[in-house]
Each structure stands twice: as C-alpha cells, then as structure tokens.
>>> print(open('my_file.txt').read())   # compact mmCIF, C-alpha atoms (C1' of nucleotides)
# COMPACT_ATOMS: atom_id res chain seq x y z
CA MET A 105 39.67 -65.53 0.43
CA ALA A 106 42.31 -64.24 -1.97
CA GLY A 107 42.10 -60.49 -2.05
CA PRO A 108 42.20 -58.48 -5.27
CA GLY A 109 45.58 -58.94 -6.80
CA GLY A 110 46.26 -62.18 -4.97
CA ARG A 111 47.65 -64.58 -7.54
CA GLY A 112 48.70 -67.53 -5.43
CA GLN A 113 51.80 -67.90 -3.33
CA LEU A 114 54.33 -69.17 -5.81
CA MET A 115 56.01 -65.78 -5.99
CA PRO A 116 55.31 -63.53 -3.06
CA PRO A 117 55.28 -59.99 -4.36
CA PRO A 118 58.60 -58.34 -3.79
CA GLU A 119 57.97 -55.51 -1.39
CA GLU A 120 60.48 -52.81 -0.97
CA GLU A 121 60.60 -50.57 2.07
CA LEU A 122 61.55 -47.02 1.27
CA ALA A 123 61.27 -45.20 4.56
CA THR A 124 59.91 -45.38 8.08
CA LYS A 125 58.85 -42.76 10.53
CA VAL A 126 58.04 -43.47 14.15
CA LEU A 127 55.74 -41.25 16.16
CA GLN A 128 55.18 -41.50 19.85
CA ILE A 129 51.77 -40.06 20.65
CA GLN A 130 50.83 -40.39 24.29
CA SER A 131 50.94 -44.09 25.09
CA LYS A 132 50.94 -45.17 21.48
CA ARG A 133 53.54 -45.60 18.85
CA PHE A 134 52.78 -45.16 15.18
CA TYR A 135 54.96 -46.51 12.42
CA LEU A 136 54.52 -44.93 9.01
CA ASP A 137 56.23 -47.06 6.41
CA VAL A 138 56.51 -46.10 2.77
CA LYS A 139 56.55 -49.30 0.78
CA GLN A 140 56.46 -50.26 -2.81
CA ASN A 141 55.35 -53.35 -4.67
CA ARG A 142 54.17 -54.18 -8.18
CA ARG A 143 50.98 -52.24 -7.64
CA GLY A 144 52.78 -49.09 -6.67
CA ARG A 145 53.71 -47.12 -3.61
CA PHE A 146 51.74 -46.99 -0.44
CA ILE A 147 52.03 -46.08 3.19
CA LYS A 148 51.48 -48.63 5.89
CA VAL A 149 50.33 -47.14 9.14
CA ALA A 150 50.82 -49.38 12.15
CA GLU A 151 49.62 -48.52 15.61
CA VAL A 152 51.23 -50.21 18.57
CA GLY A 153 49.44 -49.74 21.83
CA PRO A 154 50.98 -49.96 25.28
CA ALA A 155 50.30 -53.69 25.59
CA GLY A 156 51.91 -54.33 22.22
CA ARG A 157 48.53 -54.47 20.53
CA LYS A 158 48.83 -53.71 16.89
CA SER A 159 46.54 -52.50 14.19
CA ARG A 160 47.34 -51.33 10.74
CA LEU A 161 46.07 -49.53 7.72
CA LEU A 162 47.22 -49.35 4.13
CA LEU A 163 47.01 -46.12 2.18
CA ALA A 164 47.77 -45.53 -1.46
CA MET A 165 49.90 -42.42 -1.86
CA SER A 166 46.99 -40.45 -3.29
CA THR A 167 44.83 -41.53 -0.35
CA ALA A 168 47.58 -40.54 2.05
CA LEU A 169 47.59 -37.12 0.43
CA GLU A 170 43.84 -36.81 0.80
CA LEU A 171 44.09 -37.94 4.41
CA ARG A 172 46.80 -35.37 5.01
CA ASP A 173 44.48 -32.62 3.81
CA HIS A 174 41.58 -33.89 5.90
CA LEU A 175 43.85 -33.96 8.94
CA THR A 176 44.31 -30.25 8.54
CA SER A 177 40.60 -29.55 8.74
CA PHE A 178 40.07 -32.12 11.49
CA SER A 179 42.71 -30.45 13.60
CA GLU A 180 41.18 -27.04 12.95
CA ILE A 181 37.85 -28.35 14.18
CA TYR A 182 39.53 -29.98 17.13
CA ALA A 183 41.28 -26.74 18.02
CA SER A 184 37.99 -24.85 17.89
CA LEU A 185 36.24 -27.25 20.22
CA GLY A 186 35.55 -26.20 23.76
CA PRO A 187 36.27 -28.45 26.68
CA PRO A 188 34.70 -31.90 26.42
CA ASN A 189 31.06 -31.72 27.26
CA PRO A 190 29.35 -35.09 27.58
CA ASP A 191 25.97 -33.37 27.65
CA ASN A 192 26.03 -32.12 24.12
CA LEU A 193 27.71 -34.98 22.32
CA PRO A 194 25.97 -36.38 19.29
CA GLU A 195 24.46 -39.82 19.86
CA ASP A 196 27.23 -41.65 18.09
CA GLY A 197 29.92 -39.57 19.69
CA LYS A 198 31.08 -38.29 16.35
CA LEU A 199 32.20 -34.68 16.23
CA LYS A 200 33.08 -34.70 12.55
CA SER A 201 33.17 -37.37 9.88
CA GLU A 202 34.56 -37.76 6.40
CA VAL A 203 34.62 -40.60 3.94
CA MET A 204 37.35 -41.19 1.41
CA ILE A 205 36.64 -43.54 -1.43
CA LYS A 206 39.45 -45.15 -3.31
CA GLU A 207 38.33 -47.71 -5.85
CA ASN A 208 36.86 -50.55 -3.81
CA ARG A 209 38.05 -49.24 -0.48
CA ARG A 210 36.30 -46.83 1.80
CA TYR A 211 38.03 -44.96 4.55
CA TYR A 212 36.00 -43.45 7.35
CA LEU A 213 37.46 -40.61 9.33
CA ASP A 214 35.70 -39.82 12.55
CA LEU A 215 36.67 -37.35 15.19
CA LYS A 216 35.18 -38.95 18.26
CA GLU A 217 35.06 -38.43 21.96
CA ASN A 218 34.79 -40.82 24.84
CA SER A 219 35.64 -40.73 28.52
CA ARG A 220 39.32 -40.92 27.67
CA GLY A 221 39.21 -37.89 25.47
CA ARG A 222 39.10 -37.07 21.80
CA PHE A 223 40.60 -39.08 19.02
CA LEU A 224 40.51 -39.53 15.29
CA ARG A 225 39.45 -42.94 14.17
CA ILE A 226 40.60 -43.89 10.69
CA SER A 227 39.03 -47.08 9.47
CA GLN A 228 39.17 -48.87 6.20
CA THR A 229 36.77 -51.38 4.72
CA ILE A 230 37.38 -53.48 1.67
CA ALA A 231 34.03 -54.78 0.41
CA ARG A 232 30.82 -54.33 2.37
CA GLY A 233 30.85 -56.36 5.53
CA GLY A 234 34.46 -57.25 4.81
CA PRO A 235 37.35 -56.95 7.20
CA ARG A 236 37.88 -53.62 8.74
CA SER A 237 41.20 -52.28 9.79
CA GLN A 238 41.61 -49.14 11.75
CA VAL A 239 43.79 -46.98 13.86
CA ALA A 240 42.84 -44.41 16.48
CA VAL A 241 45.02 -41.33 16.75
CA PRO A 242 44.74 -39.25 19.92
CA ALA A 243 43.44 -35.87 18.80
CA GLN A 244 46.44 -34.17 20.36
CA GLY A 245 48.63 -36.01 17.88
CA MET A 246 46.78 -35.23 14.65
CA ILE A 247 49.13 -32.41 13.68
CA GLU A 248 52.21 -34.48 14.32
CA PHE A 249 50.67 -37.28 12.31
CA ARG A 250 49.83 -34.92 9.48
CA ASP A 251 53.33 -33.46 9.43
CA ALA A 252 54.87 -36.91 9.25
CA LEU A 253 52.60 -37.77 6.31
CA THR A 254 53.53 -34.52 4.63
CA ASP A 255 57.23 -35.28 4.93
CA LEU A 256 56.81 -38.75 3.49
CA LEU A 257 54.63 -37.49 0.66
CA GLU A 258 57.05 -34.74 -0.24
CA GLU A 259 59.91 -37.17 -0.38
CA PHE A 260 58.23 -40.20 -1.91
CA GLY A 261 55.06 -39.00 -3.61
CA THR A 262 55.30 -39.07 -7.36
CA GLU A 263 54.23 -36.11 -9.43
CA ASP A 264 50.94 -37.87 -10.13
CA ASP A 265 50.31 -38.54 -6.46
CA MET A 266 50.93 -34.96 -5.50
CA SER A 267 49.21 -33.11 -8.32
CA TYR A 268 45.77 -33.88 -6.99
CA GLY A 269 45.90 -30.80 -4.82
CA ARG A 270 45.07 -28.07 -7.29
CA PHE A 271 41.50 -29.13 -7.90
CA LYS A 272 40.84 -30.92 -4.69
CA GLY A 273 37.23 -30.70 -3.65
CA GLU A 274 36.19 -29.53 -7.10
CA LEU A 275 36.70 -32.69 -9.07
CA PRO A 276 33.60 -34.87 -9.21
CA GLU A 277 33.36 -37.69 -6.72
CA ALA A 278 34.17 -41.24 -7.55
CA ARG A 279 31.22 -43.36 -8.65
CA HIS A 280 30.52 -47.01 -8.36
CA MET A 281 28.25 -49.15 -10.46
CA ARG A 282 27.38 -52.78 -10.02
CA ILE A 283 26.20 -54.55 -13.15
CA GLU A 284 25.37 -58.20 -12.73
CA ASN A 285 28.44 -59.62 -11.05
CA LYS A 286 30.82 -56.91 -12.14
CA ASN A 287 31.80 -53.82 -10.29
CA PHE A 288 32.79 -50.69 -12.11
CA TYR A 289 34.54 -47.82 -10.43
CA PHE A 290 34.86 -44.38 -11.94
CA ASP A 291 37.52 -42.17 -10.50
CA ILE A 292 38.41 -38.71 -11.66
CA GLY A 293 42.01 -37.81 -11.18
CA GLN A 294 44.52 -35.32 -12.26
CA ASN A 295 48.17 -35.53 -13.12
CA SER A 296 50.70 -33.38 -14.84
CA ARG A 297 49.04 -34.00 -18.20
CA GLY A 298 45.57 -33.04 -17.12
CA ILE A 299 42.35 -34.54 -15.87
CA TYR A 300 41.45 -38.11 -16.56
CA MET A 301 38.81 -40.67 -15.76
CA ARG A 302 39.86 -44.08 -14.64
CA ILE A 303 37.35 -46.86 -15.14
CA SER A 304 38.14 -50.02 -13.23
CA GLU A 305 36.37 -53.28 -13.62
CA VAL A 306 36.68 -55.44 -10.55
CA LYS A 307 35.59 -59.03 -10.25
CA SER A 308 36.30 -61.30 -7.33
CA ASN A 309 40.03 -61.50 -7.86
CA PHE A 310 40.56 -59.75 -11.11
CA ARG A 311 40.77 -56.16 -12.05
CA THR A 312 41.50 -54.13 -15.13
CA ALA A 313 41.33 -50.43 -15.75
CA ILE A 314 41.57 -47.89 -18.49
CA THR A 315 42.45 -44.25 -18.15
CA ILE A 316 40.70 -41.77 -20.39
CA PRO A 317 42.03 -38.24 -20.75
CA GLU A 318 39.43 -35.58 -20.25
CA LYS A 319 40.10 -34.10 -23.69
CA SER A 320 38.65 -37.21 -25.28
CA TRP A 321 35.52 -37.65 -23.18
CA GLY A 322 33.37 -35.97 -25.82
CA ARG A 323 34.55 -38.37 -28.47
CA PHE A 324 33.90 -41.31 -26.20
CA ARG A 325 30.43 -40.00 -25.59
CA ASP A 326 29.83 -39.63 -29.34
CA ILE A 327 30.91 -43.19 -29.95
CA PHE A 328 28.69 -44.48 -27.16
CA SER A 329 25.68 -42.57 -28.50
CA GLU A 330 26.39 -43.77 -31.99
CA TYR A 331 26.30 -47.37 -30.81
CA VAL A 332 23.21 -46.76 -28.73
CA GLU A 333 21.48 -45.37 -31.86
CA LYS A 334 22.68 -48.21 -34.05
CA LEU A 335 21.40 -50.81 -31.64
CA LYS A 336 18.11 -49.03 -31.33
CA GLU A 337 17.70 -49.02 -35.11
CA LEU A 338 18.48 -52.71 -35.17
CA SER A 339 15.99 -53.61 -32.51
CA ASP A 340 13.30 -51.36 -34.02
CA LYS A 341 13.68 -53.01 -37.37
CA PRO A 342 11.54 -56.10 -37.92
CA ALA A 343 13.58 -59.28 -38.35
CA GLU A 344 14.90 -59.68 -41.91
CA GLU A 345 18.16 -60.39 -43.71
CA GLY A 346 21.06 -58.33 -42.35
CA LYS A 347 23.32 -55.73 -44.07
C1' DC B 1318 48.30 -44.05 32.22
C1' DC B 1319 45.61 -45.51 29.08
C1' DG B 1320 42.12 -46.10 25.14
C1' DG B 1321 38.73 -45.52 21.57
C1' DC B 1322 35.89 -49.86 16.99
C1' DC B 1323 30.38 -53.14 13.03
C1' DA B 1324 28.75 -47.16 8.60
>>> encode(input="my_file.txt", output="structure tokens")
Amino acid sequence: MAGPGGRGQLMPPPEEELATKVLQIQSKRFYLDVKQNRRGRFIKVAEVGPAGRKSRLLLAMSTALELRDHLTSFSEIYASLGPPNPDNLPEDGKLKSEVMIKENRRYYLDLKENSRGRFLRISQTIARGGPRSQVAVPAQGMIEFRDALTDLLEEFGTEDDMSYGRFKGELPEARHMRIENKNFYFDIGQNSRGIYMRISEVKSNFRTAITIPEKSWGRFRDIFSEYVEKLKELSDKPAEEGK
DNA sequence: CCGGCCA
C-alpha cells in the first residue's frame, strides 16, 4: 500500500514546484513540471487528452536526462522510417524499444504504430505487476518534447544530474539482486568527482543506500575477500575453543 | 479529429 518513502500522513512532504512547460501536440496537451521534495528534484509529465483524460509519469532528473537522449535516437529512427506499412509491422507493433532502469523503477520506451499513426509510449512500472503509468507522445511531437526536457534540464538539472552524459552508454548497466526478502540495486553513476557505485537496499517501505567512489572499489574488494577467506578458515576448522 | 496500453 504505502510506496517506498511513504511514512504516514502526519506530515505530507512539502513539494515545491519550480517550473512548468506546456506543450500542445496534436490533440494532446503535455505538462512538464519540475518539482522538488525531500527526495530531490524530478519532472512530472502529465498528459491531458482531448476528453480531459489524464495520465502521468514521474522522472528523476537523471532519468529525464536519459530519456532526453533516447528521444534523440527515437526521432532519428522515426525520421528514417518510410510511410506506414501495415504489412511489415512487427507482431507487437513495436518499431524500436528501450528500457531505462532506475533503482526499482523500469521505464519502457516503445516507438509504436497503429491505425492512428506512430507514437512513443513511455511507461513506468514500480515493482513487477505493480501499477503502471504511462504517456503516449505522438511521434511528430518527440522533438518538441525532447527540446522542452532539454530546457528544463539545463535550467534545473544539478551538476550531478547533468554529468552523466560523458560516459553514457559506456558505464556498466545497473544490476539488481534479490536475497531472501531484500532487494539490492547497484547503480553506476558519475558526477563531478568521478564514477561511483550506489548500492541501495530496498525493503517493502524502507530504503537505504551507500555511495562508493570508484577509486576505492579495489579496497572494498580486498576487504570482502579477506572476510570470505576468514570465514572459510573458520568453517574449515573443526569445532574447538576460539581465538 | 483523435488515440495508442499488461513486458
């Protein structure tokens, strides 16, 4: 019920709104809001359809940056596509797909085509089988959408948010590990001080994380191996008095 | 002038 970070409703988290951009793309309106709460800055994307139907999506700034970069390659692919041809569509209608993984959230980007035309579906899942929020951007509007994100990121992205670019695509992918009832997430990131690994431990409504600079990974590894050896010695040794 | 969706 309570999502990660939900700590009861005594004190609703103060949420500050920093900026809003409104895009009109064909019959739809998109609101891009930069907001900020205790957990940091994020962009809320809200889609309002012609009948007032709404759907929304939350993006951490670093995810927004990644999405911005994907939008560039999605629009290149879109531009290179010939006229719609129902005969040679893939089964699922997907012309190109990407997945972005951000801690316990997955974002699926799919350039799709149906009888109405082409569109980019951006959908977000929290845990497996969990709620799914999504927006569908008409393919014609991807560039406009990307430019709006770029503006917001340039103005409101912190140095850490924006520094991801240099190594993008070269840094190892995030990993996830489930051990008993704990989830561990490993994310490699980069900021002005260098590369780091963030290890998050996530339980139902609790999370903690540490950030380990890349320079020290070797020492961490040495300490781990040392402990692994020590424990092995202990368990190899027949039971007797300690020390 | 919409309208897209269960990994």
>>> atom_distance(input="my_file.txt", atom1="CA of Gly298 in chain A", atom2="CA of Val203 in chain A")
24.9 Å
>>> atom_distance(input="my_file.txt", atom1="CA of Val241 in chain A", atom2="CA of Leu224 in chain A")
5.1 Å
>>> atom_distance(input="my_file.txt", atom1="CA of Ile247 in chain A", atom2="CA of Lys139 in chain A")
22.5 Å
>>> closest_residue(input="my_file.txt", among="A:Glu202, A:Glu119, A:Glu207, A:Glu305", to="DA1324 in chain B", atoms="all atoms listed in the file")
A:Glu202
>>> closest_atom_pairs(input="my_file.txt", of="chain B", to="chain A", cutoff="7 Å", atoms="all atoms listed in the file", output="tab-separated table")
residue	atom	partner	partner_atom	distance
B:DC1319	C1'	A:Ser131	CA	6.8
B:DG1320	C1'	A:Arg220	CA	6.4
B:DG1321	C1'	A:Ala240	CA	6.6
>>> residues_around(input="my_file.txt", residues="Glu318 in chain A", least_positions_apart="5", cutoff="12 Å", atoms="only C-alpha atoms (C1' of nucleotides)", output="list in words")
Leu275, Asp291, Ile292, Gly293, Gln294, Asn295, Arg297, Gly298, Ile299, Tyr300, Met301, Arg302, Arg323, Phe324 and Arg325 of chain A
>>> closest_residue(input="my_file.txt", among="A:Asp196, A:Glu274, A:Asp340, A:Asp251", to="DC1322 in chain B", atoms="all atoms listed in the file")
A:Asp196
>>> closest_residue(input="my_file.txt", among="A:Asp255, A:Lys158, A:Met246, A:Ser320", to="Tyr182 in chain A", atoms="all atoms listed in the file")
A:Met246
